[in-house]
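**Q** So here's data_27.cif, just mmCIF, C-alpha atoms:
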data_final
#
loop_
_atom_site.label_atom_id
_atom_site.label_comp_id
_atom_site.auth_asym_id
_atom_site.auth_seq_id
_atom_site.Cartn_x
_atom_site.Cartn_y
_atom_site.Cartn_z
CA MET A 1426 -30.72 1.77 17.15
CA ILE A 1427 -29.18 5.24 17.38
CA ASN A 1428 -29.48 7.29 14.23
CA ALA A 1429 -26.11 7.65 12.53
CA THR A 1430 -26.43 11.41 12.25
CA SER A 1431 -26.46 11.77 16.05
CA GLN A 1432 -23.19 9.90 16.49
CA LYS A 1433 -19.69 11.26 15.98
CA ARG A 1434 -18.15 9.84 12.81
CA ILE A 1435 -15.43 7.22 13.33
CA PHE A 1436 -13.25 7.07 10.23
CA LEU A 1437 -11.44 4.06 8.86
CA SER A 1438 -8.06 5.82 8.86
CA SER A 1439 -8.05 9.60 9.09
CA PRO A 1440 -4.98 11.86 8.82
CA HIS A 1441 -3.09 12.25 12.09
CA MET A 1442 -1.04 15.41 12.36
CA SER A 1443 1.76 15.68 14.91
CA GLY A 1444 1.23 19.39 15.50
CA ASN A 1445 4.74 20.28 14.33
CA GLU A 1446 4.07 20.28 10.59
CA TYR A 1447 3.74 24.05 10.43
CA LYS A 1448 7.43 24.62 11.18
CA TYR A 1449 8.39 23.32 7.73
CA ILE A 1450 5.32 24.79 6.03
CA LYS A 1451 6.16 28.19 7.54
CA GLU A 1452 9.74 27.89 6.36
CA ALA A 1453 8.54 27.11 2.84
CA PHE A 1454 6.32 30.20 2.81
CA GLU A 1455 8.97 32.46 4.32
CA THR A 1456 11.52 31.41 1.68
CA ASN A 1457 8.86 31.37 -1.09
CA TRP A 1458 9.57 27.69 -1.87
CA VAL A 1459 5.90 26.86 -2.50
CA ALA A 1460 6.22 25.28 -5.94
CA PRO A 1461 7.31 21.71 -6.68
CA LEU A 1462 10.87 20.92 -5.54
CA GLY A 1463 12.84 22.77 -2.90
CA PRO A 1464 14.83 22.09 0.30
CA ASN A 1465 12.06 20.08 1.98
CA VAL A 1466 11.81 17.79 -1.04
CA ASP A 1467 15.57 17.19 -1.02
CA LEU A 1468 15.62 16.47 2.71
CA PHE A 1469 12.48 14.32 2.68
CA GLU A 1470 14.02 12.17 -0.04
CA LYS A 1471 17.25 11.86 1.95
CA GLU A 1472 15.42 10.99 5.17
CA ILE A 1473 13.21 8.34 3.55
CA ALA A 1474 16.20 6.77 1.79
CA GLU A 1475 18.09 6.62 5.09
CA TYR A 1476 15.10 5.15 6.92
CA VAL A 1477 14.57 2.43 4.30
CA GLY A 1478 18.29 1.79 3.80
CA ALA A 1479 18.17 2.64 0.09
CA ASN A 1480 20.82 4.59 -1.79
CA GLU A 1481 18.37 7.24 -2.96
CA ALA A 1482 14.71 8.24 -3.19
CA VAL A 1483 12.53 10.42 -5.43
CA ALA A 1484 9.50 12.24 -3.98
CA VAL A 1485 6.50 12.23 -6.31
CA SER A 1486 2.84 13.19 -6.38
CA SER A 1487 1.44 9.74 -5.46
CA GLY A 1488 2.29 6.10 -4.94
CA THR A 1489 0.65 5.42 -8.30
CA ALA A 1490 3.07 7.83 -9.96
CA ALA A 1491 5.96 5.99 -8.30
CA ILE A 1492 4.79 2.64 -9.72
CA HIS A 1493 4.33 4.22 -13.15
CA LEU A 1494 7.86 5.62 -13.07
CA ALA A 1495 9.23 2.23 -11.99
CA LEU A 1496 7.57 0.56 -14.97
CA SER A 1497 8.85 3.30 -17.29
CA LEU A 1498 12.38 2.85 -15.96
CA LEU A 1499 12.14 -0.88 -16.67
CA ASN A 1500 11.12 -0.04 -20.24
CA ILE A 1501 7.74 -1.74 -19.97
CA GLN A 1502 6.07 -1.26 -23.35
CA LYS A 1503 2.98 -2.19 -25.32
CA GLY A 1504 2.40 -5.93 -25.28
CA ASP A 1505 4.81 -6.67 -22.41
CA LYS A 1506 3.62 -8.87 -19.56
CA VAL A 1507 3.69 -7.78 -15.90
CA PHE A 1508 2.83 -10.09 -13.00
CA CYS A 1509 0.93 -8.34 -10.19
CA SER A 1510 -0.70 -9.22 -6.88
CA SER A 1511 -4.46 -9.57 -7.29
CA LEU A 1512 -5.58 -8.75 -3.73
CA THR A 1513 -4.75 -5.05 -3.73
CA PHE A 1514 -6.04 -1.60 -4.59
CA ILE A 1515 -6.32 -0.94 -8.30
CA ALA A 1516 -3.52 1.64 -8.19
CA SER A 1517 -1.04 -1.25 -8.08
CA ALA A 1518 -2.06 -2.35 -11.58
CA ASN A 1519 -3.37 0.75 -13.38
CA PRO A 1520 0.16 1.88 -14.34
CA ILE A 1521 0.56 -1.40 -16.24
CA LEU A 1522 -2.26 -0.18 -18.47
CA TYR A 1523 -0.66 3.27 -18.73
CA GLN A 1524 2.25 1.52 -20.45
CA GLN A 1525 -0.17 -0.50 -22.62
CA ALA A 1526 1.24 -3.69 -21.12
CA GLU A 1527 -0.71 -6.80 -20.09
CA PRO A 1528 -1.33 -7.54 -16.40
CA ILE A 1529 -1.25 -11.14 -15.22
CA PHE A 1530 -2.60 -11.55 -11.72
CA ILE A 1531 -1.20 -13.75 -8.96
CA ASP A 1532 -3.24 -15.12 -6.06
CA SER A 1533 -2.54 -14.66 -2.36
CA GLU A 1534 -1.57 -17.30 0.18
CA PRO A 1535 -3.15 -17.70 3.65
CA GLU A 1536 -0.13 -16.92 5.86
CA THR A 1537 0.30 -13.29 4.79
CA TRP A 1538 -2.68 -12.66 2.45
CA ASN A 1539 0.00 -11.54 -0.03
CA MET A 1540 1.37 -12.95 -3.28
CA SER A 1541 1.63 -16.73 -3.22
CA PRO A 1542 5.14 -18.00 -4.09
CA GLN A 1543 3.52 -21.20 -5.34
CA ALA A 1544 1.18 -19.31 -7.68
CA LEU A 1545 4.07 -17.09 -8.83
CA GLU A 1546 6.19 -20.14 -9.63
CA ASN A 1547 3.33 -21.64 -11.63
CA ALA A 1548 2.89 -18.39 -13.54
CA PHE A 1549 6.59 -18.28 -14.39
CA MET A 1550 6.64 -21.89 -15.55
CA ASP A 1551 3.66 -21.24 -17.80
CA ALA A 1552 5.27 -18.07 -19.18
CA ALA A 1553 8.57 -19.86 -19.80
CA LYS A 1554 6.82 -22.60 -21.77
CA LYS A 1555 5.22 -19.94 -23.96
CA GLY A 1556 8.45 -17.96 -24.27
CA GLU A 1557 6.68 -14.93 -22.79
CA LEU A 1558 8.41 -14.09 -19.51
CA PRO A 1559 7.15 -10.95 -17.76
CA LYS A 1560 9.20 -7.78 -17.78
CA ALA A 1561 8.47 -7.14 -14.07
CA VAL A 1562 6.66 -8.46 -10.99
CA ILE A 1563 4.70 -6.11 -8.69
CA VAL A 1564 4.42 -7.51 -5.16
CA VAL A 1565 2.11 -5.73 -2.70
CA ASN A 1566 2.49 -5.68 1.10
CA LEU A 1567 -1.18 -5.73 2.02
CA TYR A 1568 -2.43 -3.65 4.96
CA GLY A 1569 1.15 -3.33 6.24
CA GLN A 1570 2.02 -7.05 6.25
CA SER A 1571 5.15 -7.96 4.28
CA ALA A 1572 4.88 -10.65 1.66
CA LYS A 1573 7.22 -13.67 1.70
CA MET A 1574 10.00 -11.67 0.15
CA ASP A 1575 12.74 -14.32 0.33
CA GLU A 1576 10.70 -16.84 -1.62
CA LEU A 1577 9.32 -14.33 -4.10
CA LEU A 1578 12.71 -12.72 -4.76
CA SER A 1579 14.31 -16.13 -5.24
CA ILE A 1580 11.77 -17.01 -7.93
CA CYS A 1581 12.17 -13.66 -9.69
CA ASN A 1582 15.97 -13.98 -9.57
CA ASP A 1583 15.79 -17.49 -11.04
CA TYR A 1584 14.10 -15.99 -14.10
CA ASN A 1585 16.11 -12.73 -14.01
CA VAL A 1586 12.95 -10.61 -13.75
CA PRO A 1587 12.98 -7.43 -11.59
CA LEU A 1588 10.64 -7.09 -8.62
CA ILE A 1589 8.81 -3.87 -7.74
CA GLU A 1590 7.83 -3.79 -4.07
CA ASP A 1591 4.55 -1.94 -3.62
CA ALA A 1592 4.97 -0.85 -0.01
CA ALA A 1593 2.30 1.86 -0.24
CA GLU A 1594 0.63 0.50 2.90
CA SER A 1595 3.69 -0.83 4.75
CA LEU A 1596 6.01 2.05 5.64
CA GLY A 1597 7.31 1.22 9.12
CA SER A 1598 6.96 -2.54 8.67
CA TYR A 1599 9.90 -4.96 8.72
CA TYR A 1600 10.73 -8.28 7.12
CA LYS A 1601 13.44 -10.25 8.95
CA GLY A 1602 14.81 -7.02 10.41
CA LYS A 1603 14.93 -5.15 7.11
CA PRO A 1604 12.57 -2.22 6.32
CA SER A 1605 9.64 -2.80 4.01
CA GLY A 1606 10.16 -1.29 0.57
CA SER A 1607 13.86 -2.13 0.42
CA PHE A 1608 13.75 -5.54 -1.26
CA GLY A 1609 13.00 -5.03 -4.93
CA LYS A 1610 14.70 -3.26 -7.79
CA PHE A 1611 12.32 -0.45 -6.85
CA GLY A 1612 10.22 0.20 -3.76
CA ILE A 1613 7.25 2.54 -3.62
CA PHE A 1614 5.44 4.29 -0.78
CA SER A 1615 2.24 6.30 -0.56
CA PHE A 1616 1.55 9.30 1.67
CA ASN A 1617 -2.14 9.58 0.86
CA GLY A 1618 -4.36 11.05 3.57
CA ASN A 1619 -5.33 7.63 4.94
CA LYS A 1620 -1.80 6.18 5.17
CA ILE A 1621 0.23 5.68 8.34
CA ILE A 1622 1.97 9.02 7.66
CA THR A 1623 0.67 11.54 5.17
CA THR A 1624 1.66 14.51 3.06
CA SER A 1625 -2.06 14.85 2.15
CA GLY A 1626 -1.11 13.39 -1.22
CA GLY A 1627 2.23 12.08 -2.35
CA GLY A 1628 4.51 9.12 -2.84
CA MET A 1629 8.11 8.02 -2.96
CA LEU A 1630 10.20 5.84 -5.27
CA VAL A 1631 13.27 4.26 -3.66
CA SER A 1632 16.11 2.21 -5.14
CA ASN A 1633 19.80 1.42 -4.89
CA ASP A 1634 20.09 2.24 -8.60
CA ILE A 1635 21.06 5.92 -8.46
CA GLU A 1636 21.28 6.27 -12.23
CA ALA A 1637 17.72 4.98 -12.61
CA LEU A 1638 16.43 7.43 -10.01
CA GLN A 1639 18.16 10.31 -11.77
CA LYS A 1640 16.20 9.32 -14.85
CA ALA A 1641 13.04 9.14 -12.70
CA ARG A 1642 13.54 12.78 -11.71
CA PHE A 1643 13.93 13.66 -15.37
CA LEU A 1644 10.74 11.82 -16.37
CA ALA A 1645 8.80 13.24 -13.40
CA THR A 1646 9.55 16.84 -14.41
CA GLN A 1647 8.15 16.62 -17.95
CA ALA A 1648 11.38 15.09 -19.34
CA ARG A 1649 12.87 18.45 -20.22
CA ASP A 1650 16.09 18.14 -22.24
CA PRO A 1651 19.24 19.99 -21.05
CA ALA A 1652 18.80 22.88 -23.47
CA PRO A 1653 18.60 26.70 -23.05
CA TYR A 1654 14.91 26.49 -24.03
CA TYR A 1655 12.05 24.08 -23.47
CA GLN A 1656 12.92 21.04 -25.57
CA HIS A 1657 11.49 17.55 -25.09
CA SER A 1658 12.57 14.34 -26.79
CA THR A 1659 10.85 11.91 -24.41
CA VAL A 1660 7.34 11.67 -22.98
CA GLY A 1661 7.43 13.02 -19.45
CA TYR A 1662 5.06 13.49 -16.52
CA ASN A 1663 4.16 16.14 -13.97
CA TYR A 1664 4.85 13.91 -10.98
CA ARG A 1665 7.09 15.83 -8.57
CA MET A 1666 6.08 16.62 -4.99
CA SER A 1667 5.69 20.19 -3.77
CA ASN A 1668 8.05 21.67 -1.20
CA ILE A 1669 5.11 22.35 1.14
CA LEU A 1670 3.88 18.76 1.13
CA ALA A 1671 7.40 17.44 1.58
CA GLY A 1672 7.68 19.59 4.69
CA ILE A 1673 4.58 17.91 6.10
CA GLY A 1674 6.10 14.55 5.26
CA ARG A 1675 9.34 15.32 7.08
CA THR A 1676 7.48 16.08 10.29
CA GLN A 1677 5.27 13.03 9.89
CA LEU A 1678 8.31 10.80 9.43
CA GLU A 1679 9.58 11.98 12.81
CA VAL A 1680 6.59 10.31 14.50
CA LEU A 1681 6.37 7.18 12.33
CA ALA A 1682 7.47 4.85 15.15
CA GLU A 1683 4.73 6.28 17.39
CA ARG A 1684 2.15 5.76 14.65
CA VAL A 1685 3.19 2.13 14.21
CA ASP A 1686 2.99 1.52 17.96
CA ALA A 1687 -0.46 3.12 18.10
CA ARG A 1688 -1.87 1.03 15.25
CA ARG A 1689 -0.41 -2.17 16.64
CA LEU A 1690 -2.03 -1.39 19.99
CA ILE A 1691 -5.37 -0.85 18.24
CA PHE A 1692 -4.96 -4.21 16.49
CA GLU A 1693 -4.13 -5.95 19.76
CA ARG A 1694 -7.20 -4.47 21.45
CA TYR A 1695 -9.44 -5.72 18.63
CA VAL A 1696 -7.91 -9.19 18.97
CA GLN A 1697 -8.37 -9.16 22.73
CA GLU A 1698 -12.03 -8.15 22.48
CA LEU A 1699 -13.09 -10.01 19.32
CA GLY A 1700 -10.50 -12.71 18.72
CA LYS A 1701 -12.38 -15.39 20.65
CA LEU A 1702 -15.69 -14.83 18.88
CA PRO A 1703 -16.63 -17.85 16.75
CA GLY A 1704 -15.75 -17.41 13.10
CA PHE A 1705 -13.52 -14.33 13.59
CA GLN A 1706 -9.93 -14.67 12.32
CA PHE A 1707 -7.52 -11.74 12.19
CA MET A 1708 -4.95 -11.17 9.46
CA PRO A 1709 -1.86 -13.10 10.56
CA GLU A 1710 1.61 -11.71 11.08
CA LEU A 1711 4.29 -13.87 9.46
CA ALA A 1712 7.05 -15.06 11.80
CA GLY A 1713 10.11 -12.85 11.50
CA THR A 1714 8.12 -9.82 10.36
CA LEU A 1715 6.65 -6.76 12.01
CA SER A 1716 3.52 -5.28 10.45
CA ASN A 1717 2.66 -1.63 10.94
CA ARG A 1718 -0.98 -2.84 11.10
CA TRP A 1719 -2.02 0.04 8.88
CA LEU A 1720 -5.53 -1.38 8.89
CA THR A 1721 -6.89 -4.06 11.19
CA ALA A 1722 -8.28 -6.70 8.85
CA LEU A 1723 -10.05 -9.95 9.66
CA THR A 1724 -12.29 -12.58 8.12
CA VAL A 1725 -15.73 -13.56 9.36
CA ASP A 1726 -17.15 -17.05 8.75
CA GLU A 1727 -20.88 -16.37 8.54
CA ASP A 1728 -21.86 -19.94 9.44
CA MET A 1729 -19.77 -19.90 12.61
CA ALA A 1730 -20.31 -16.26 13.60
CA GLY A 1731 -24.02 -16.07 12.83
CA VAL A 1732 -23.47 -12.75 11.09
CA SER A 1733 -22.22 -11.77 7.64
CA VAL A 1734 -19.69 -9.14 6.65
CA THR A 1735 -22.51 -7.22 4.94
CA GLU A 1736 -24.55 -7.21 8.14
CA LEU A 1737 -21.57 -5.96 10.13
CA LEU A 1738 -20.89 -3.21 7.62
CA ASN A 1739 -24.54 -2.14 7.65
CA ALA A 1740 -24.66 -2.13 11.46
CA MET A 1741 -21.55 0.03 11.70
CA ALA A 1742 -22.83 2.39 9.02
CA MET A 1743 -25.96 2.90 11.12
CA GLU A 1744 -23.68 3.86 14.02
CA ASN A 1745 -21.73 6.30 11.80
CA ILE A 1746 -18.67 4.02 11.81
CA GLU A 1747 -16.65 3.71 8.61
CA ALA A 1748 -15.60 0.12 7.85
CA ARG A 1749 -14.95 -1.57 4.51
CA PRO A 1750 -14.59 -4.96 2.87
CA VAL A 1751 -11.04 -5.97 2.02
CA TRP A 1752 -9.92 -5.01 -1.48
CA LYS A 1753 -11.88 -6.65 -4.28
CA PRO A 1754 -9.28 -8.75 -6.15
CA LEU A 1755 -8.17 -7.25 -9.41
CA HIS A 1756 -8.87 -10.41 -11.38
CA LEU A 1757 -12.53 -9.93 -10.43
CA GLN A 1758 -12.64 -6.27 -11.48
CA PRO A 1759 -14.60 -5.44 -14.68
CA LEU A 1760 -11.63 -3.44 -15.96
CA PHE A 1761 -9.47 -6.57 -16.00
CA LYS A 1762 -12.05 -9.06 -17.19
CA GLY A 1763 -10.35 -11.93 -18.96
CA ALA A 1764 -6.88 -11.18 -17.62
CA PRO A 1765 -4.83 -14.31 -16.83
CA TYR A 1766 -4.86 -15.35 -13.18
CA PHE A 1767 -2.87 -17.98 -11.27
CA THR A 1768 -4.36 -19.39 -8.08
CA HIS A 1769 -2.70 -20.71 -4.96
CA SER A 1770 -2.88 -24.52 -4.75
CA ASN A 1771 -6.01 -24.70 -6.94
CA GLU A 1772 -7.82 -22.47 -4.44
CA ASP A 1773 -8.76 -18.86 -5.11
CA VAL A 1774 -7.50 -17.46 -1.81
CA SER A 1775 -7.94 -13.82 -2.87
CA ALA A 1776 -11.62 -14.32 -3.72
CA LYS A 1777 -12.20 -16.16 -0.46
CA LEU A 1778 -10.60 -13.37 1.56
CA PHE A 1779 -12.70 -10.80 -0.30
CA GLY A 1780 -15.88 -12.73 0.46
CA ARG A 1781 -15.16 -12.91 4.17
CA GLY A 1782 -12.83 -9.98 4.84
CA ILE A 1783 -13.51 -6.71 6.61
CA CYS A 1784 -11.31 -3.74 7.61
CA LEU A 1785 -12.08 -1.99 10.90
CA PRO A 1786 -11.32 1.62 11.90
CA SER A 1787 -7.62 1.72 12.69
CA GLY A 1788 -6.50 5.35 12.73
CA SER A 1789 -3.66 6.12 15.13
CA ASN A 1790 -5.66 9.10 16.41
CA MET A 1791 -8.71 6.98 17.30
CA SER A 1792 -9.48 7.08 21.02
CA GLN A 1793 -9.96 3.95 23.10
CA ASP A 1794 -13.57 5.01 23.71
CA ASP A 1795 -14.19 5.20 19.97
CA GLN A 1796 -12.61 1.82 19.45
CA MET A 1797 -14.81 0.31 22.14
CA ARG A 1798 -17.80 1.80 20.31
CA VAL A 1799 -16.76 -0.17 17.24
CA ILE A 1800 -16.22 -3.33 19.30
CA ASP A 1801 -19.58 -3.01 21.06
CA CYS A 1802 -21.34 -2.52 17.73
CA ILE A 1803 -19.82 -5.74 16.43
CA LYS A 1804 -20.61 -7.70 19.58
CA ASN A 1805 -24.21 -6.53 19.43
CA CYS A 1806 -24.51 -8.09 15.96
CA ILE A 1807 -23.49 -11.55 17.05
CA LYS A 1808 -26.35 -14.07 17.11
CA TYR A 1809 -25.78 -16.60 19.87
#
Let's see the structure in the file written out as C-alpha cells.
**A**
Amino acid sequence: MINATSQKRIFLSSPHMSGNEYKYIKEAFETNWVAPLGPNVDLFEKEIAEYVGANEAVAVSSGTAAIHLALSLLNIQKGDKVFCSSLTFIASANPILYQQAEPIFIDSEPETWNMSPQALENAFMDAAKKGELPKAVIVVNLYGQSAKMDELLSICNDYNVPLIEDAAESLGSYYKGKPSGSFGKFGIFSFNGNKIITTSGGGMLVSNDIEALQKARFLATQARDPAPYYQHSTVGYNYRMSNILAGIGRTQLEVLAERVDARRLIFERYVQELGKLPGFQFMPELAGTLSNRWLTALTVDEDMAGVSVTELLNAMAMENIEARPVWKPLHLQPLFKGAPYFTHSNEDVSAKLFGRGICLPSGSNMSQDDQMRVIDCIKNCIKY
C-alpha cells in the first residue's frame, strides 16, 4: 500500500476556475466596487434569473442565507411547522431553527433519493387531522438529481402550502425540460467552493414574486428603513454578496454547460468501470430529467460486494483520495433528536441510503488518470 502522503490529493469536488474570472475582478478593483453590491451583483442576478427562467433573483452570501430569507418572507415564526427533506446537508434545515420553528422530516424514495411524495402525503394528512398544517415545505434536489416535482407540487398545492426548492446542488439540472430551482415559490442555489460553479462562497434566491424579492434585498442589507439616518424597525441580516464574488460567479456561469457535461462524463465513466460489480448501484436518473451529476453517488451492498462502505473509504483515504458517505439523514442527527419523521412505505429509505451510500470524487477538473486511480483503488478492494 502506497503511503497517502506520497500521492497527489484527489479531492471530492474542488473549485474549477475558467481562467477568465479576473476580467470581472479587475473591473471591480479598477472601479473601486469591492464592497457588497455593485454592477457585477446586478448583472449576476439578472443572468441567473434569465438562466432559471425566474422573474428576478437576489445574490446573497450563501445558500443557507437564501433559505433563511425564504422562510422569513413566508413569515415562518416560533412554533410554526416546516416539512423538510431528511436526506440532505444540515444547511437545508438549520434556518428553520433560526426562525424558532419546528422541522418535520420527510423520507426519500428510491427512484430519485429525494423527498417521497407518499411520505409527504402522509405527513400532510397527519397534520390536517391535528389542525397543524406546515407553513412551508423544503424540497432538496440531492446531488443534482431533481425530486419528483410534479407530484410534490401537486400535494403542496392541494393544501395551499408554499414549496421552497433547495437547488443548492442542482444548478444546471432539468426536470421535464425546465431548469432546476424554478418550481417552488422560492428557489435557492449555492456557489460554495465545492459546487458545480463557485463564487468561493455565495448563494442566490430566485422567485417570480418580485415584491417578495424586493423585501429580501431589504432584509439582507440589515433592514435599513428609508430614512436620512440609520433607522431600523425590523430585524435584518448581513447577507448580500460582494461585487468581487459576483464577478467570479458571472464568469463561472458562462461555463456551466461545460461543467455539467464534464461531471456527467465522469459519472458515466464510473458506471462503465464499476457498474457491473456485484452490489454496486449508482444513483438513478429519473426519466424526463437531466442531472448535473454534481457528485457521483452510489450504494454498496456489503454482502454482495464483499466490501463495506467503511472499508472503501479507508482504502481511498490511504491513497490520498477524498470520498465521503452520503449525507447522514437529518432525522438521525443529534441536533434534531425527537423531531417527527415520516417514512416512505413503512421503510426508512434515507437511513438505508446512508448506511450503504458513498460519494466519489467528481470534480469537473479531475483528470481521467486521476479518476482511474479512484476506480483502481475500488477494484482492488473487491473480494472475489
**Q** With the PyMOL selection byres ((chain A and resi 1524) around 8) as the selection, what would be picked from this file? Answer as a ChimeraX atom specification, please.
**A** /A:1496-1497,1501-1503,1520-1523,1525-1526
**Q** Dump C-alpha atoms for the selected residues as a PDB file, in the coordinates of the input?
**A**
ATOM      1  CA  LEU A1496       7.570   0.560 -14.970  1.00  0.00           C
ATOM      2  CA  SER A1497       8.850   3.300 -17.290  1.00  0.00           C
ATOM      3  CA  ILE A1501       7.740  -1.740 -19.970  1.00  0.00           C
ATOM      4  CA  GLN A1502       6.070  -1.260 -23.350  1.00  0.00           C
ATOM      5  CA  LYS A1503       2.980  -2.190 -25.320  1.00  0.00           C
ATOM      6  CA  PRO A1520       0.160   1.880 -14.340  1.00  0.00           C
ATOM      7  CA  ILE A1521       0.560  -1.400 -16.240  1.00  0.00           C
ATOM      8  CA  LEU A1522      -2.260  -0.180 -18.470  1.00  0.00           C
ATOM      9  CA  TYR A1523      -0.660   3.270 -18.730  1.00  0.00           C
ATOM     10  CA  GLN A1525      -0.170  -0.500 -22.620  1.00  0.00           C
ATOM     11  CA  ALA A1526       1.240  -3.690 -21.120  1.00  0.00           C
TER      12      ALA A1526
END
**Q** Could you check which of A:Lys1451, A:Ala1516, A:Ala1572, A:Ser1541 is closest to Leu1711 of chain A, using only C-alpha atoms?
**A** A:Ala1572
**Q** For a test of reading the model, state the distance in Å between atom CA of Ile1621 of chain A and atom CA of Ala1593 of chain A, rounded to one decimal.
**A**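 Between atom CA of Ile1621 of chain A and atom CA of Ala1593 of chain A the gap works out to 9.6 Å.
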**Q** Under the PyMOL selection byres ((chain A and resi 1741-1757) around 7), which residues of this model are included? Write them out as number ranges by chain.
**A** A: 1427-1430, 1432-1437, 1511-1515, 1530, 1737-1740, 1758-1759, 1761-1762, 1764, 1766, 1775-1776, 1779, 1782-1786, 1802
**Q** Taking (10.7, -16.5, -23.5) in the file's coordinates, which residues come within 12 Å, counting all atoms listed in the file, written as a list of chain:residue names?
**A** A:Asp1505, A:Lys1506, A:Phe1549, A:Met1550, A:Asp1551, A:Ala1552, A:Ala1553, A:Lys1554, A:Lys1555, A:Gly1556, A:Glu1557, A:Leu1558, A:Pro1559, A:Lys1560, A:Tyr1584, A:Asn1585, A:Val1586
**Q** To one decimal place, how far is atom CA of Val1565 of chain A from atom CA of Pro1709 of chain A in Å?
**A**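 Rounded to one decimal, the two atoms are 15.7 Å apart.
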**Q** May I ask which of the residues A:Asn1633, A:Ser1438, A:Thr1537, A:Gln1677 is the closest one to Phe1608 of chain A, counting only C-alpha atoms?
**A**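 Closest to Phe1608 of chain A, using only C-alpha atoms: A:Asn1633.
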**Q** Translate the PyMOL selection byres ((chain A and resi 1444) around 12), as applied to the file shown, into an explicit residue set as a PyMOL selection string.
**A** chain A and resi 1440-1443+1445-1450+1673+1676-1677+1679-1680
**Q** Could you check the closest approach to Asn1663 of chain A for each of A:Ser1487, A:Ser1615, A:Thr1624, A:Asn1805 and tell me which residue wins, using only C-alpha atoms?
**A**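 Closest residue, counting only C-alpha atoms: A:Ser1487.
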**Q** Counting all atoms listed in the file, which of A:Thr1714, A:Asn1519, A:Asn1668, A:Thr1489 gets nearest to Asn1566 of chain A?
**A**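 Once distances to Asn1566 of chain A are computed over all atoms listed in the file, the minimum belongs to A:Thr1714.
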**Q** Would you tabulate, counting only C-alpha atoms, all residues of segment 1670-1740 of chain A that have an atom at most 9 Å from an atom of segment 1458-1469 of chain A, showing the closest pair of atoms and their distance in Å to one decimal, sorted by chain then ascending number, as JSON lines?
**A**
{"residue": "A:Leu1670", "atom": "CA", "partner": "A:Val1466", "partner_atom": "CA", "distance": 8.3}
{"residue": "A:Ala1671", "atom": "CA", "partner": "A:Val1466", "partner_atom": "CA", "distance": 5.1}
{"residue": "A:Gly1672", "atom": "CA", "partner": "A:Asn1465", "partner_atom": "CA", "distance": 5.2}
{"residue": "A:Ile1673", "atom": "CA", "partner": "A:Asn1465", "partner_atom": "CA", "distance": 8.8}
{"residue": "A:Gly1674", "atom": "CA", "partner": "A:Phe1469", "partner_atom": "CA", "distance": 6.9}
{"residue": "A:Arg1675", "atom": "CA", "partner": "A:Phe1469", "partner_atom": "CA", "distance": 5.5}
{"residue": "A:Leu1678", "atom": "CA", "partner": "A:Phe1469", "partner_atom": "CA", "distance": 8.7}
**Q** Would you mind reading off the distance between atom CA of Lys1573 of chain A and atom CA of Pro1542 of chain A, one decimal, in Å?
**A**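 Between these atoms lies a distance of 7.5 Å.
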**Q** Calculated over all atoms listed in the file, which of the candidates A:Lys1701, A:Arg1642, A:Lys1601, A:Lys1804 has the smallest distance to Ser1716 of chain A?
**A**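 When distances to Ser1716 of chain A are compared using all atoms listed in the file, the smallest one comes from A:Lys1601.
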**Q** Which residues are near Glu1693 of chain A? Cut-off 12 Å, all atoms listed in the file, ignore same chain within fewer than 6 positions. Put them as a ChimeraX atom specification.
**A** /A:1686-1687,1699-1700,1707-1710,1717-1718,1720-1722,1787,1793,1796
**Q** With distances taken over only C-alpha atoms, which of A:Lys1471, A:Tyr1695, A:Asn1539, A:Asp1801 is nearest to Val1483 of chain A?
**A**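 Smallest separation from Val1483 of chain A among the options: A:Lys1471.
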**Q** Excluding Ser1510 of chain A and its own-chain neighbours fewer than 4 positions away, which residues fall within 6 Å of it when counting all atoms listed in the file? Please give them as a PDB file with C-alpha atoms, in the coordinates of the input.
**A**
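Saved to selection22.pdb:
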ATOM      1  CA  PHE A1530      -2.600 -11.550 -11.720  1.00  0.00           C
ATOM      2  CA  ILE A1531      -1.200 -13.750  -8.960  1.00  0.00           C
ATOM      3  CA  MET A1540       1.370 -12.950  -3.280  1.00  0.00           C
ATOM      4  CA  VAL A1564       4.420  -7.510  -5.160  1.00  0.00           C
TER       5      VAL A1564
END
**Q** Select all residues near (14.1, 15.6, -15.7) (cut-off 12 Å, inclusive, file coordinates), counting all atoms listed in the file, and output them as a PyMOL selection string.
**A** chain A and resi 1462+1483+1637-1652+1655-1665
